[in-house]
Structure formats: structure tokens, C-alpha cells
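For reference, the structure discussed in these notes is given below.
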Amino acid sequence: MAPGVLIEDPKEEAAVNVVPIVDDELISKGVHAETRVLEPGKADFPPLRTIWPHLKLEDHPVDETRRLRVAVVGAGLSGITAGILLPAKVPNIDLVIYERTDDIGGVWHTNVYPGVRCDVPAHAYQATFAPSTTWTEAFAQGHEIKDYWHRVAERYEVRKYVKLKHTVKRAQWSQEKGAWLLTVATPEGTFEDEVNFLLTATGHFSDPRLPSYPGMSDFKGLLRHSSNWDTTWDPAGKRIAVIGNGASGIQVLPQLQKVAAHIDHYARNKTWVASSIGGEDLAQFVADNIETARESPESYLAFRKDLESRLFGRFGPIFKEEETNNALRERITALMTKRLAGRKDLVEAIVPDFAPNCRRLTPGPGYLEALTQENVSYVTTPIERFTEKGIQTSDGIIREVDAVICSTGHDTTFTTQFPIVANGVDLQAAWRPGGNPGFPDSYLSMAAPEFPNLLLVLGPNTTGPAGTVPHALETQLTYMAKVLRKAASQGIKSMAPTAAATRDFRAYCESFFPKTVMIGDCSSWYNGGIKGGRIHGLWPGSGAHVARVRAEPRWEDWEYTYWNPQGNRFGWLGNGWTIRDVRAKDGIQGLDLDLTPWLRAEALEGKLDLRAYHEGWWENY
């Protein structure tokens with residue numbers, strides 16, 4: 001029965017047809033509708049309106065998209081790539097990139113210690129859409145990597161979006177405004193920015209962590225983290241302690257060994273040191289092929305595809321009891337023994353019991369060779385305390401030094417760099433140990449339930465153990481561009497993944513990683529430095545696997561609110577027109593306007609690629 005109709009006799013209902021009469025004035029006053037009663041036997045017809053209050057159409061073309069204010073935090077590789085892809089893929093975007101340091105480049109700007117370099121071949125550590133043939137080394141040094149990304153940023157005019165020396169201190173969600181309220185600190189003071197979407201792109205290794213030993217404040221010499229290098233300090237002739245044998249410790253030690261009077265190298269954990277992250281001799285592969293590759297674009301493409309195929313194809317050795325992993329162990333052990341000049345004491349102290357790939361393999365050119373030199377002592381006895389002049393180990397021995405270089409890693413909890421608060425919860429605290437749940441709990445590594453319009457670039461579980469970082473970044477940002485386009489074009493005020501979808505992804509991770517060697521008895525940034533701990537540093541699958549998952553968003557996993565005043569999800573349909581329709585309403589003569597972009601010359605010859613036909617999102621803008 002239609003609203004507002006009173007029938008005193010229930011039997012009478014069968015004898016009449018009740019049809020609403022639309023009266024906008026009455027509806028506006030809260031009266032649902034008047035009705036018209038059709039006599040039995042008269043012609044019946046469907047009601048003109050069944051929904052009250054009726055939907056008030058939004059007066060705009062369907063393709064008139066909302067301008068989104070989007071903030072990216074961080075201008076390293078992630079931020080630079082975002083500054084290239086998002087403006088290309090999100091029409092009408094209002095983009096800002098906040099960077100806390102004085103230049104772009106991320107870790108390649110802040111890390112200037114001797115020997116800093118990438119542990120991936122440079123030809124695979126570049127944007128897939130901006131290749132360079134001029135790399136001078138297979139494993140490029142930090143300054144060359146920074147120069148490359150600066151050139152790419154200049155080519156695509158990324159700097160116009162970047163605000164240097166701008167530190168985001170806090171983000172607070174306002175559902176009323178459909179916006180994140182950012183507190184941003186600059187040398188001139190603090191201000192608030194209001195953005196529709198917040199993308200964190202602060203990287204994995206941007207916050208170095210010093211160790212915590214008694215007496216550190218008593219030490220009178222130089223005390224620095226390798227990622228906070230003092231370029232005015234001269235290590236020549238100094239007695240130096242290097243703490244840690246992660247990537248930076250492995251890189252800095254051989255450079256210091258060449259000039260130092262003596263080095264005490266404190267290593268708490270054993271580690272695998274290979275010629276490459278996959279155990280292959282990729283440096284030799286590059287050396288053997290690069291000159292031929294530079295002869296033509298086709299030759300370089302073939303070289304690059306071969307190189308990256310080797311990186312994407314090394315997924316098998318991460319699994320337990322895989323023959324490839326056993327063979328890798330034998331090969332790397334033999335290599336390390338050779339590079340250690342057969343020194344049994346060093347081989348026993350350094351070669352791990354855990355499997356390769358439990359922690360990331362590091363090339364470390366010159367590292368093992370440096371350990372065999374007379375001016376290097378390899379110390380595995382735990383550090384007990386610092387003294388004014390050096391370090392005391394648990395056996396009571398004090399080793400005096402002029403400087404202590406701590407290569408002790410970074411904050412690898414994979415939580416956010418600053419408080420992000422929504423619905424009464426601070427995501428940074430919730431994801432840290434002791435919070436709820438106390439670990440990163442993301443939806444497909446990119447978002448979190450109850451945190452609307454928040455996207456995590458290179459967040460937890462982002463990159464596959466086989467693949468490349470630039471490719472992972474590009475596919476992730478392409479997915480995020482689809483999220484932004486959807487929000488801008490479909491009247492979405494807020495969107496966040498559901499708790500159920502996030503829980504299902506967590507279940508997948510918890511079932512996948514126990515099959516791998518990564519849950520072995522080793523500490524790494526994969527597991528937040530906890531031996532056998534939860535893996536949140538890598539994607540649960542290969543590089544090709546994560547690219548496939550990101551290819552098509554599962555919109556059914558998200559929940560939405562809308563800008564439409566009545567909350568109607570189809571308010572964005574507007575007034576029935578498109579922008580092209582409006583332009584052509586008085587005729588198309590003299591207009592630079594293509595009303596039929598799907599019609600192409602290739603169709604005459606049957607050369608259309610039907611796989612992509614009618615799927616170009618840009619054709620509708």
C-alpha cells in the first residue's frame with residue numbers, strides 16, 4: 001500500500017489500486033504523497049514514483065568529477081613516482097607532496113656514508129618507464145642513484161608538487177568534512193592542511209635507530225648512526241667500532257678498513273653475504289652484456305628484460321625444503337668461504353645456521369675480504385656497556401675507540417611515521433607492539449579498516465620476495481589512482497576496506513609465511529627484528545603474484561559514504577548529460593570534439609586489440 005493511504009476495511013484493499021500522486025510541495029513539507037484510487041476494471045499502470053522522499057537530481061554532467069586534494073607524505077622513490085603517475089592518471093588532482101628534509105630522494109639523499117650503494121642492480125632499480133643506459137656500475141653508489149631520480153623528477157616536473165622542510169606531525173580524520181586534517185611543521189611555524197586523501201610514502205628505512213646500551217651518554221668519542229653520517233669527520237688513522245652487520249654495516253666497513261688504524265666489528269647475528277640478493281652473480285652478467293645492450297633501444301630492452309626476469313624468477317628458494325634453497329646454501333657457503341680466505345674461525349662465526357632468504361641476502365663487495373685484514377677484529381661477544389673511551393663486552397674486555405658507528409637498522413615496525421587518528425584510534429599506536437592488534441594489519445598492504453581515504457605506499461607486506469621495488473611501486477600507485485578516480489567520479493566522500501576483508505587477508509598471510517624459510521631463527525626487517533616473528537615486510541607471494549592481485553580492485557571489499565545530501569550512491573549520475581553532450585547541444589560544427597573516440601582507423605584492417613578495446617578510462621574524460 002502506498003504511504004499516506006488509509007483503508008478502514010481491509011477487504012477494500014483488494015478492490016482498489018492505490019497510485020501515488022507526486023506533489024513536490026507536499027513532499028518538501030514532510031507529507032509523503034496524495035493518492036489516486038482507480039476503480040475496478042479500469043486500466044491499471046505502474047506507479048510513477050515509489051521512493052519517498054524522492055531523489056533530487058544533482059545538476060551537473062555525469063563526468064564532471066570532483067577535484068580531490070591529495071597529500072603524499074615523503075619525496076623518496078615512492079613520493080617521486082607518485083608525483084609522476086598520479087597527475088597522469090587522476091584528472092583534476094590537487095596534489096601536494098610533503099618532504100621533511102631539504103631535498104627529494106629519500107634514503108639516497110639522507111644516506112651519505114662511505115660505500116652506500118643499492119643491493120639491486122641499478123638497471124633494475126629504475127622507473128620502468130624511464131630507463132637509463134648510463135649507469136657506471138652494476139650496483140650503483142648512492143650519489144648516482146640520487147642523481148638518476150633527480151633527473152626523472154625534473155623530466156616529469158615533480159618538484160612543482162613538493163614542499164621541502166615540511167614535516168607532517170599528525171593526521172586527524174573528519175567525517176563531517178570528508179577530509180584529513182594535517183598538522184604540518186615548517187621552519188616558519190605550523191599550519192593545518194585539509195586533504196581528501198592521505199598517502200603515506202615514508203619508506204622502509206627512513207627512521208634510523210641507535211642501540212640502547214648503558215653508558216652511551218658517557219662515551220666521549222664520535223657516536224653516529226651510519227644513516228646519519230657526519231661528512232666532516234675524517235676516519236683516517238682512527239680506532240673505530242662498527243656495530244651491526246646489516247646492509248649499511250656490510251657496506252661501510254670495507255671503506256673504513258682501508259683508512260682506519262683498527263676496526264672492532266661487533267656482530268650479534270650471523271648473516272649470509274652473497275654476490276647478489278638472489279645469490280646470482282648479477283654484477284658479472286651486467287658487465288658481460290651492458291656494452292652490447294647500449295647499441296640500440298632493442299638491445300637494451302632485451303638486456304633489461306633478461307636481467308629483470310632473473311630477479312622475478314627467484315621465488316622458489318624462499319620455500320622450506322626446496323632443492324633450490326639447499327643448492328643456494330651450498331653455493332653461497334662456498335663463495336663466502338673463498339672470500340674469507342678459508343679462515344675457519346670467521347666461517348664458523350659468520351655463516352648462519354638458518355636458511356638463505358630467512359633474511360635479505362646482501363652483495364657486500366669487499367666486506368668479507370676486509371674481515372680477513374689485520375686491522376679488523378670480528379667480535380661476537382655481546383656488548384655490555386659503553387665507557388668514556390670505548391665499549392665493554394660481557395666477558396669484561398674493554399676495547400677503546402675514537403668513534404662508534406652504529407649500523408643498527410631502522411624502525412621496521414611498518415607502522416606510520418606520525419599519529420594517524422580516525423574513529424578514536426591512532427593507527428601508529430595500534431600497529432606498534434603493545435597496541436591493538438600490535439602489528440601491521442592492512443588490507444592488501446595498502447589500506448586499513450576504519451581509516452577512510454588513507455592509502456599506504458610501500459606499507460607493510462608490499463613487495464614480493466621476487467621482483468623489483470620500482471615495479472611494485474608503479475603497480476601499487478596505479479591501483480591507488482583507480483581508487484582516487486573512483487572517489488572523484490562517483491561522488492564518494494569516504495571509502496575504507498571492510499574489517500572482514502582485512503581479516504581474510506590477514507588469514508592468508510598467516511597461512512602463507514609458515515611455508516617459507518622467512519620464519520626461521522633469524523632477525524631481519526622482514527619480521528621487525530624478532531627471530532621467528534611475524535612477517536610484515538614482504539608480500540605473501542611473488543612479485544608477479546602481487547602485480548596480478550593489484551590489477552583489478554575488488555570494490556566489494558570497501559565500504560563507502562557519499563557526498564550526495566540524501567546519501568544516494570547514484571547521485572553522481574547528475575542530470576543525465578555528459579560534458580561532451582553539453583558542448584554539442586547546439587551542434588558540433590566548429591568544435592574540436594570527439595563524440596566517438598572508440599571509432600579507429602585500425603578497425604578497417606582488423607588490427608584493433610580487442611583486449612583493451614572500450615577499456616581506456618581516459619576516453620571518458
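Chains: A, B, ... in order of the C-alpha cells. Residues: from 1 per chain. Ligands: from 1, in order shown.
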Exercise: Leu538 in chain A partners within 6 Å, only C-alpha atoms, chain neighbours under 4 positions left out, as a PyMOL selection string: chain A and resi 461-464
Can you tell me, as number ranges by chain, what residues are no more than 10 Å from Gly203 in chain A when counting only C-alpha atoms, ignoring any on the same chain fewer than 4 positions away? A: 73-79, 106-107, 207, 412, 414, 416-417, 456-459
Set the distance at 12 Å and use only C-alpha atoms: which residues neighbour Arg66 in chain A once local chain neighbours fewer than 5 positions away are removed? I'd like the list as a PyMOL selection string. chain A and resi 60-61+90-94+196+484-493+563+572
Determine, counting only C-alpha atoms, which protein, DNA and RNA residues have an atom within 12 Å of an atom of Phe129 in chain A; residues of the same chain fewer than 3 positions away are not included. Present the result as a list in words.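 Residues meeting the cut-off are Thr81, Ile84, Leu85, Ala124, Tyr125, Gln126, Ser132, Val152, Arg155, Tyr156, Leu301, Pro470, His471 and Glu474 of chain A.
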Go ahead and save the residues from that selection, with all heavy atoms, as a tab-separated table (two decimals), in the first residue's frame.
```
chain	number	residue	atom	x	y	z
A	81	THR	N	57.63	8.83	-7.60
A	81	THR	CA	56.80	8.05	-8.51
A	81	THR	C	55.33	8.47	-8.42
A	81	THR	O	54.63	8.55	-9.43
A	81	THR	CB	56.95	6.54	-8.23
A	81	THR	OG1	58.34	6.18	-8.23
A	81	THR	CG2	56.23	5.71	-9.27
A	84	ILE	N	54.67	11.51	-10.38
A	84	ILE	CA	54.64	11.28	-11.82
A	84	ILE	C	53.33	10.62	-12.25
A	84	ILE	O	52.65	11.09	-13.16
A	84	ILE	CB	55.84	10.41	-12.26
A	84	ILE	CG1	57.16	11.14	-11.96
A	84	ILE	CG2	55.73	10.05	-13.73
A	84	ILE	CD1	58.38	10.25	-12.12
A	85	LEU	N	52.97	9.53	-11.57
A	85	LEU	CA	51.84	8.72	-12.03
A	85	LEU	C	50.49	9.31	-11.65
A	85	LEU	O	49.54	9.24	-12.46
A	85	LEU	CB	51.96	7.30	-11.46
A	85	LEU	CG	53.13	6.46	-11.99
A	85	LEU	CD1	53.05	5.04	-11.43
A	85	LEU	CD2	53.13	6.42	-13.52
A	124	ALA	N	67.80	-2.46	-12.77
A	124	ALA	CA	66.50	-2.94	-12.31
A	124	ALA	C	65.97	-2.10	-11.15
A	124	ALA	O	64.94	-2.41	-10.58
A	124	ALA	CB	66.60	-4.40	-11.86
A	125	TYR	N	66.69	-1.02	-10.82
A	125	TYR	CA	66.29	-0.14	-9.73
A	125	TYR	C	65.98	1.25	-10.30
A	125	TYR	O	66.36	2.26	-9.76
A	125	TYR	CB	67.40	-0.05	-8.68
A	125	TYR	CG	66.97	0.56	-7.36
A	125	TYR	CD1	66.15	-0.15	-6.48
A	125	TYR	CD2	67.38	1.82	-7.00
A	125	TYR	CE1	65.76	0.40	-5.28
A	125	TYR	CE2	66.99	2.39	-5.79
A	125	TYR	CZ	66.18	1.67	-4.94
A	125	TYR	OH	65.79	2.23	-3.74
A	126	GLN	N	65.31	1.26	-11.41
A	126	GLN	CA	64.93	2.49	-12.08
A	126	GLN	C	63.47	2.39	-12.50
A	126	GLN	O	62.92	1.29	-12.59
A	126	GLN	CB	65.83	2.74	-13.30
A	126	GLN	CG	65.86	1.60	-14.30
A	126	GLN	CD	66.85	1.85	-15.42
A	126	GLN	OE1	67.30	2.96	-15.64
A	126	GLN	NE2	67.19	0.79	-16.15
A	132	SER	N	67.57	4.19	-18.01
A	132	SER	CA	68.84	4.85	-18.29
A	132	SER	C	69.88	3.80	-18.68
A	132	SER	O	69.98	2.76	-18.01
A	132	SER	CB	69.34	5.63	-17.07
A	132	SER	OG	70.66	6.10	-17.28
A	152	VAL	N	64.83	12.13	-13.27
A	152	VAL	CA	63.47	11.68	-13.58
A	152	VAL	C	62.45	12.67	-13.02
A	152	VAL	O	61.46	13.01	-13.69
A	152	VAL	CB	63.23	10.27	-13.00
A	152	VAL	CG1	61.77	9.86	-13.15
A	152	VAL	CG2	64.12	9.24	-13.70
A	155	ARG	N	62.36	15.66	-15.30
A	155	ARG	CA	61.71	15.38	-16.57
A	155	ARG	C	60.19	15.44	-16.46
A	155	ARG	O	59.51	15.94	-17.35
A	155	ARG	CB	62.13	14.00	-17.09
A	155	ARG	CG	61.53	13.64	-18.44
A	155	ARG	CD	61.75	12.18	-18.79
A	155	ARG	NE	63.14	11.78	-18.69
A	155	ARG	CZ	63.56	10.53	-18.85
A	155	ARG	NH1	62.68	9.56	-19.12
A	155	ARG	NH2	64.83	10.22	-18.74
A	156	TYR	N	59.67	14.94	-15.34
A	156	TYR	CA	58.21	14.89	-15.16
A	156	TYR	C	57.69	16.01	-14.26
A	156	TYR	O	56.53	15.95	-13.83
A	156	TYR	CB	57.81	13.52	-14.62
A	156	TYR	CG	57.98	12.41	-15.63
A	156	TYR	CD1	59.15	11.64	-15.66
A	156	TYR	CD2	57.00	12.15	-16.58
A	156	TYR	CE1	59.32	10.63	-16.61
A	156	TYR	CE2	57.16	11.14	-17.53
A	156	TYR	CZ	58.33	10.39	-17.53
A	156	TYR	OH	58.49	9.39	-18.46
A	301	LEU	N	66.50	-3.17	-24.37
A	301	LEU	CA	65.26	-3.77	-23.89
A	301	LEU	C	65.46	-5.26	-23.63
A	301	LEU	O	65.02	-5.79	-22.60
A	301	LEU	CB	64.14	-3.56	-24.89
A	301	LEU	CG	62.80	-4.23	-24.57
A	301	LEU	CD1	62.24	-3.71	-23.26
A	301	LEU	CD2	61.80	-4.03	-25.71
A	470	PRO	N	60.80	-0.71	-7.96
A	470	PRO	CA	60.10	0.23	-8.84
A	470	PRO	C	58.83	-0.34	-9.46
A	470	PRO	O	57.81	0.35	-9.54
A	470	PRO	CB	61.15	0.55	-9.91
A	470	PRO	CG	62.46	0.37	-9.22
A	470	PRO	CD	62.23	-0.82	-8.32
A	471	HIS	N	58.88	-1.60	-9.89
A	471	HIS	CA	57.68	-2.20	-10.48
A	471	HIS	C	56.58	-2.32	-9.44
A	471	HIS	O	55.40	-2.02	-9.72
A	471	HIS	CB	58.02	-3.58	-11.05
A	471	HIS	CG	56.84	-4.29	-11.64
A	471	HIS	ND1	56.14	-5.26	-10.96
A	471	HIS	CD2	56.21	-4.15	-12.84
A	471	HIS	CE1	55.14	-5.70	-11.72
A	471	HIS	NE2	55.16	-5.04	-12.85
A	474	GLU	N	55.03	1.09	-8.90
A	474	GLU	CA	54.21	1.55	-10.01
A	474	GLU	C	52.85	0.85	-10.05
A	474	GLU	O	51.82	1.49	-10.30
A	474	GLU	CB	54.96	1.36	-11.33
A	474	GLU	CG	56.17	2.28	-11.46
A	474	GLU	CD	57.10	1.86	-12.59
A	474	GLU	OE1	56.64	1.16	-13.51
A	474	GLU	OE2	58.30	2.22	-12.54
```
Quick one, how far is CA of Trp431 in chain A from CA of Tyr508 in chain A?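 CA of Tyr508 in chain A lies 18.5 Å from CA of Trp431 in chain A.
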Run DSSP on the backbone and tell me which residues of range 268-492 of chain A come out as alpha helix (DSSP H); list them as an MDAnalysis selection string. chainID A and resid 282:293 297:312 323:339 344:350 367:371 427:431 469:489
Extract, using only C-alpha atoms, all DNA, RNA and protein residues at most 12 Å from Ala293 in chain A, discarding same-chain residues fewer than 2 positions from it, and format them as a PyMOL selection string. chain A and resi 123+132-134+285-291+295-307
Can you write out the residues you just picked, keeping N, CA and C atoms, as a short mmCIF file (atom, residue, chain, number, x, y, z; two decimals), in the first residue's frame?
```cif
data_model
loop_
_atom_site.label_atom_id
_atom_site.label_comp_id
_atom_site.auth_asym_id
_atom_site.auth_seq_id
_atom_site.Cartn_x
_atom_site.Cartn_y
_atom_site.Cartn_z
N HIS A 123 70.17 -1.24 -13.15
CA HIS A 123 69.31 -1.32 -14.33
C HIS A 123 67.94 -1.90 -13.99
N SER A 132 67.57 4.19 -18.01
CA SER A 132 68.84 4.85 -18.29
C SER A 132 69.88 3.80 -18.68
N THR A 133 70.64 4.08 -19.70
CA THR A 133 71.69 3.15 -20.13
C THR A 133 73.07 3.58 -19.63
N THR A 134 73.12 4.64 -18.81
CA THR A 134 74.41 5.24 -18.47
C THR A 134 74.91 4.89 -17.08
N PHE A 285 76.97 -10.60 -14.91
CA PHE A 285 76.00 -10.60 -16.01
C PHE A 285 75.92 -9.21 -16.64
N VAL A 286 75.85 -8.17 -15.79
CA VAL A 286 75.79 -6.81 -16.31
C VAL A 286 77.06 -6.47 -17.07
N ALA A 287 78.21 -6.81 -16.49
CA ALA A 287 79.49 -6.50 -17.14
C ALA A 287 79.60 -7.17 -18.50
N ASP A 288 79.11 -8.39 -18.60
CA ASP A 288 79.23 -9.16 -19.85
C ASP A 288 78.28 -8.65 -20.94
N ASN A 289 77.22 -7.95 -20.57
CA ASN A 289 76.18 -7.64 -21.55
C ASN A 289 75.89 -6.16 -21.79
N ILE A 290 76.39 -5.29 -20.91
CA ILE A 290 75.94 -3.91 -20.97
C ILE A 290 76.41 -3.19 -22.23
N GLU A 291 77.61 -3.43 -22.70
CA GLU A 291 78.08 -2.70 -23.87
C GLU A 291 77.26 -3.04 -25.10
N GLU A 295 73.88 -0.60 -27.62
CA GLU A 295 73.98 -0.35 -29.05
C GLU A 295 72.67 0.11 -29.68
N SER A 296 71.54 -0.28 -29.11
CA SER A 296 70.25 0.11 -29.68
C SER A 296 69.17 -0.03 -28.62
N PRO A 297 68.05 0.67 -28.78
CA PRO A 297 66.94 0.51 -27.83
C PRO A 297 66.46 -0.94 -27.74
N GLU A 298 66.47 -1.63 -28.88
CA GLU A 298 66.02 -3.02 -28.89
C GLU A 298 66.97 -3.90 -28.08
N SER A 299 68.28 -3.65 -28.22
CA SER A 299 69.27 -4.43 -27.48
C SER A 299 69.16 -4.16 -25.98
N TYR A 300 68.95 -2.90 -25.63
CA TYR A 300 68.85 -2.58 -24.20
C TYR A 300 67.58 -3.18 -23.62
N LEU A 301 66.50 -3.17 -24.37
CA LEU A 301 65.26 -3.77 -23.89
C LEU A 301 65.46 -5.26 -23.63
N ALA A 302 66.13 -5.96 -24.56
CA ALA A 302 66.37 -7.38 -24.38
C ALA A 302 67.24 -7.64 -23.14
N PHE A 303 68.28 -6.81 -22.96
CA PHE A 303 69.14 -6.93 -21.78
C PHE A 303 68.36 -6.71 -20.49
N ARG A 304 67.55 -5.68 -20.51
CA ARG A 304 66.82 -5.34 -19.29
C ARG A 304 65.78 -6.40 -18.95
N LYS A 305 65.09 -6.92 -19.97
CA LYS A 305 64.11 -7.97 -19.73
C LYS A 305 64.79 -9.23 -19.18
N ASP A 306 65.98 -9.54 -19.69
CA ASP A 306 66.72 -10.69 -19.20
C ASP A 306 67.11 -10.50 -17.73
N LEU A 307 67.61 -9.30 -17.41
CA LEU A 307 68.02 -9.01 -16.04
C LEU A 307 66.84 -9.07 -15.08
#
```
Which one is closest to Asn326 in chain A: A:Leu346, A:Ala447, A:Ser212, A:Phe354? Count only C-alpha atoms. A:Phe354
Need to verify the contact set: Ala496 in chain A, 10 Å, only C-alpha atoms, exclusion of same-chain residues closer than 6 positions in sequence. Can you return it as a VMD selection string? chain A and resid 443 447 to 455 557 to 561
Go ahead and write the selection's residues with all heavy atoms as a short mmCIF file (atom, residue, chain, number, x, y, z; two decimals), in the first residue's frame.
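Result went into part.cif, see below:
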```
data_model
loop_
_atom_site.label_atom_id
_atom_site.label_comp_id
_atom_site.auth_asym_id
_atom_site.auth_seq_id
_atom_site.Cartn_x
_atom_site.Cartn_y
_atom_site.Cartn_z
N TYR A 443 44.82 -4.04 4.65
CA TYR A 443 44.08 -4.65 3.55
C TYR A 443 44.98 -4.63 2.32
O TYR A 443 45.31 -3.55 1.80
CB TYR A 443 42.78 -3.88 3.28
CG TYR A 443 42.10 -4.28 1.99
CD1 TYR A 443 41.41 -5.48 1.90
CD2 TYR A 443 42.19 -3.48 0.86
CE1 TYR A 443 40.80 -5.86 0.71
CE2 TYR A 443 41.58 -3.85 -0.32
CZ TYR A 443 40.89 -5.05 -0.40
OH TYR A 443 40.30 -5.44 -1.58
N ALA A 447 45.77 -0.32 2.77
CA ALA A 447 44.76 0.46 3.48
C ALA A 447 44.42 -0.25 4.79
O ALA A 447 44.90 -1.36 5.06
CB ALA A 447 43.51 0.62 2.61
N ALA A 448 43.58 0.40 5.61
CA ALA A 448 43.21 -0.17 6.90
C ALA A 448 41.75 0.11 7.18
O ALA A 448 41.25 1.20 6.88
CB ALA A 448 44.08 0.43 8.01
N PRO A 449 41.03 -0.85 7.75
CA PRO A 449 39.62 -0.62 8.07
C PRO A 449 39.46 0.47 9.11
O PRO A 449 40.32 0.65 9.99
CB PRO A 449 39.15 -1.99 8.61
CG PRO A 449 40.40 -2.66 9.08
CD PRO A 449 41.49 -2.19 8.18
N GLU A 450 38.38 1.22 9.01
CA GLU A 450 38.07 2.33 9.92
C GLU A 450 38.98 3.54 9.72
O GLU A 450 38.92 4.49 10.51
CB GLU A 450 38.13 1.88 11.39
CG GLU A 450 37.17 0.76 11.74
CD GLU A 450 35.71 1.18 11.58
OE1 GLU A 450 35.39 2.35 11.83
OE2 GLU A 450 34.90 0.32 11.17
N PHE A 451 39.82 3.51 8.68
CA PHE A 451 40.67 4.66 8.36
C PHE A 451 40.37 5.09 6.92
O PHE A 451 41.05 4.71 5.98
CB PHE A 451 42.15 4.32 8.55
CG PHE A 451 42.55 4.27 10.00
CD1 PHE A 451 42.35 3.12 10.75
CD2 PHE A 451 43.09 5.39 10.62
CE1 PHE A 451 42.68 3.08 12.09
CE2 PHE A 451 43.43 5.36 11.96
CZ PHE A 451 43.23 4.20 12.70
N PRO A 452 39.31 5.91 6.77
CA PRO A 452 38.86 6.26 5.42
C PRO A 452 39.89 7.10 4.67
O PRO A 452 40.65 7.88 5.25
CB PRO A 452 37.59 7.09 5.68
CG PRO A 452 37.22 6.81 7.11
CD PRO A 452 38.49 6.51 7.81
N ASN A 453 39.91 6.92 3.37
CA ASN A 453 40.70 7.77 2.47
C ASN A 453 42.18 7.81 2.85
O ASN A 453 42.86 8.81 2.63
CB ASN A 453 40.14 9.19 2.44
CG ASN A 453 38.71 9.24 1.92
OD1 ASN A 453 38.04 8.22 1.78
ND2 ASN A 453 38.22 10.44 1.62
N LEU A 454 42.65 6.71 3.41
CA LEU A 454 44.07 6.56 3.75
C LEU A 454 44.66 5.44 2.91
O LEU A 454 44.14 4.32 2.91
CB LEU A 454 44.24 6.23 5.24
CG LEU A 454 45.67 5.89 5.69
CD1 LEU A 454 46.58 7.10 5.58
CD2 LEU A 454 45.67 5.34 7.11
N LEU A 455 45.76 5.74 2.20
CA LEU A 455 46.43 4.74 1.38
C LEU A 455 47.91 4.69 1.76
O LEU A 455 48.53 5.74 1.99
CB LEU A 455 46.27 5.08 -0.11
CG LEU A 455 44.82 5.10 -0.62
CD1 LEU A 455 44.76 5.66 -2.03
CD2 LEU A 455 44.20 3.72 -0.56
N ASP A 557 35.07 -5.10 -1.51
CA ASP A 557 35.75 -5.18 -0.21
C ASP A 557 35.77 -3.84 0.53
O ASP A 557 36.33 -3.75 1.62
CB ASP A 557 37.20 -5.64 -0.40
CG ASP A 557 37.30 -7.08 -0.86
OD1 ASP A 557 36.30 -7.81 -0.73
OD2 ASP A 557 38.39 -7.47 -1.33
N TRP A 558 35.17 -2.81 -0.06
CA TRP A 558 35.22 -1.47 0.52
C TRP A 558 33.83 -1.05 0.99
O TRP A 558 32.81 -1.53 0.49
CB TRP A 558 35.73 -0.46 -0.51
CG TRP A 558 37.14 -0.71 -0.95
CD1 TRP A 558 37.57 -1.72 -1.78
CD2 TRP A 558 38.31 0.02 -0.59
NE1 TRP A 558 38.93 -1.65 -1.96
CE2 TRP A 558 39.42 -0.59 -1.24
CE3 TRP A 558 38.54 1.14 0.21
CZ2 TRP A 558 40.72 -0.11 -1.11
CZ3 TRP A 558 39.84 1.63 0.33
CH2 TRP A 558 40.91 1.00 -0.33
N GLU A 559 33.81 -0.15 1.96
CA GLU A 559 32.55 0.47 2.37
C GLU A 559 32.65 1.98 2.14
O GLU A 559 33.73 2.56 2.27
CB GLU A 559 32.21 0.13 3.82
CG GLU A 559 33.32 0.36 4.82
CD GLU A 559 33.02 -0.28 6.16
OE1 GLU A 559 31.94 -0.90 6.28
OE2 GLU A 559 33.84 -0.16 7.08
N TYR A 560 31.51 2.60 1.83
CA TYR A 560 31.52 3.96 1.31
C TYR A 560 30.51 4.86 2.03
O TYR A 560 29.50 4.39 2.54
CB TYR A 560 31.16 3.96 -0.19
CG TYR A 560 31.93 2.98 -1.02
CD1 TYR A 560 31.50 1.66 -1.19
CD2 TYR A 560 33.11 3.36 -1.66
CE1 TYR A 560 32.21 0.76 -1.96
CE2 TYR A 560 33.83 2.46 -2.45
CZ TYR A 560 33.38 1.16 -2.59
OH TYR A 560 34.09 0.27 -3.35
N THR A 561 30.83 6.15 2.05
CA THR A 561 29.82 7.19 2.28
C THR A 561 29.88 8.13 1.09
O THR A 561 30.87 8.15 0.34
CB THR A 561 30.06 7.97 3.59
OG1 THR A 561 31.28 8.72 3.47
CG2 THR A 561 30.15 7.02 4.78
#
```
To one decimal place, how far is CA of Tyr526 in chain A from CA of Glu552 in chain A in Å? 26.6 Å
Name the residues in contact with Lys146 in chain A at a cut-off of 6 Å, using only C-alpha atoms, excluding same-chain residues fewer than 3 positions from it; report them as a ChimeraX atom specification. /A:105,108,143,149
Write out as number ranges by chain the set of residues from range 101-200 of chain A that DSSP, computed on the backbone, places in strand (DSSP E or B). A: 117, 141, 162-163, 167-174, 179-186, 189-195, 197-200
Separating CA of Pro460 in chain A from CA of Ser524 in chain A, to the nearest tenth of an Å, is a gap of 14.0 Å
Determine the nearest neighbour of Ala236 in chain A from the options A:Leu604, A:Leu599, A:Ile263, A:Ala370, counting only C-alpha atoms.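 Checking each of A:Leu604, A:Leu599, A:Ile263, A:Ala370 against Ala236 in chain A, counting only C-alpha atoms, the winner is A:Ile263.
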Counting only C-alpha atoms, which of A:Trp173, A:Trp525, A:Trp135, A:Phe505 gets nearest to Leu444 in chain A?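 Using only C-alpha atoms, the shortest distance to Leu444 in chain A belongs to A:Phe505.
Checking A:Met216, A:Leu311, A:Val195, A:Ile350 one by one against Asn269 in chain A, counting only C-alpha atoms, you find the shortest gap at A:Ile350.
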Report as a Markdown table the residues of range 235-292 of chain A within 12 Å of range 392-396 of chain A, each with its shortest atom pair and distance in Å (one decimal), using only C-alpha atoms, ordered by chain and increasing residue number.
```
| residue | atom | partner | partner_atom | distance |
| --- | --- | --- | --- | --- |
| A:Ala241 | CA | A:Gln392 | CA | 11.5 |
| A:Asp264 | CA | A:Thr393 | CA | 11.6 |
| A:Tyr266 | CA | A:Thr393 | CA | 9.8 |
| A:Ala267 | CA | A:Thr393 | CA | 11.9 |
| A:Arg268 | CA | A:Thr393 | CA | 11.6 |
```
For Arg239 in chain A, which of A:Val184, A:Ala130, A:Ile405, A:Cys358 is the closest residue, counting only C-alpha atoms? A:Ile405
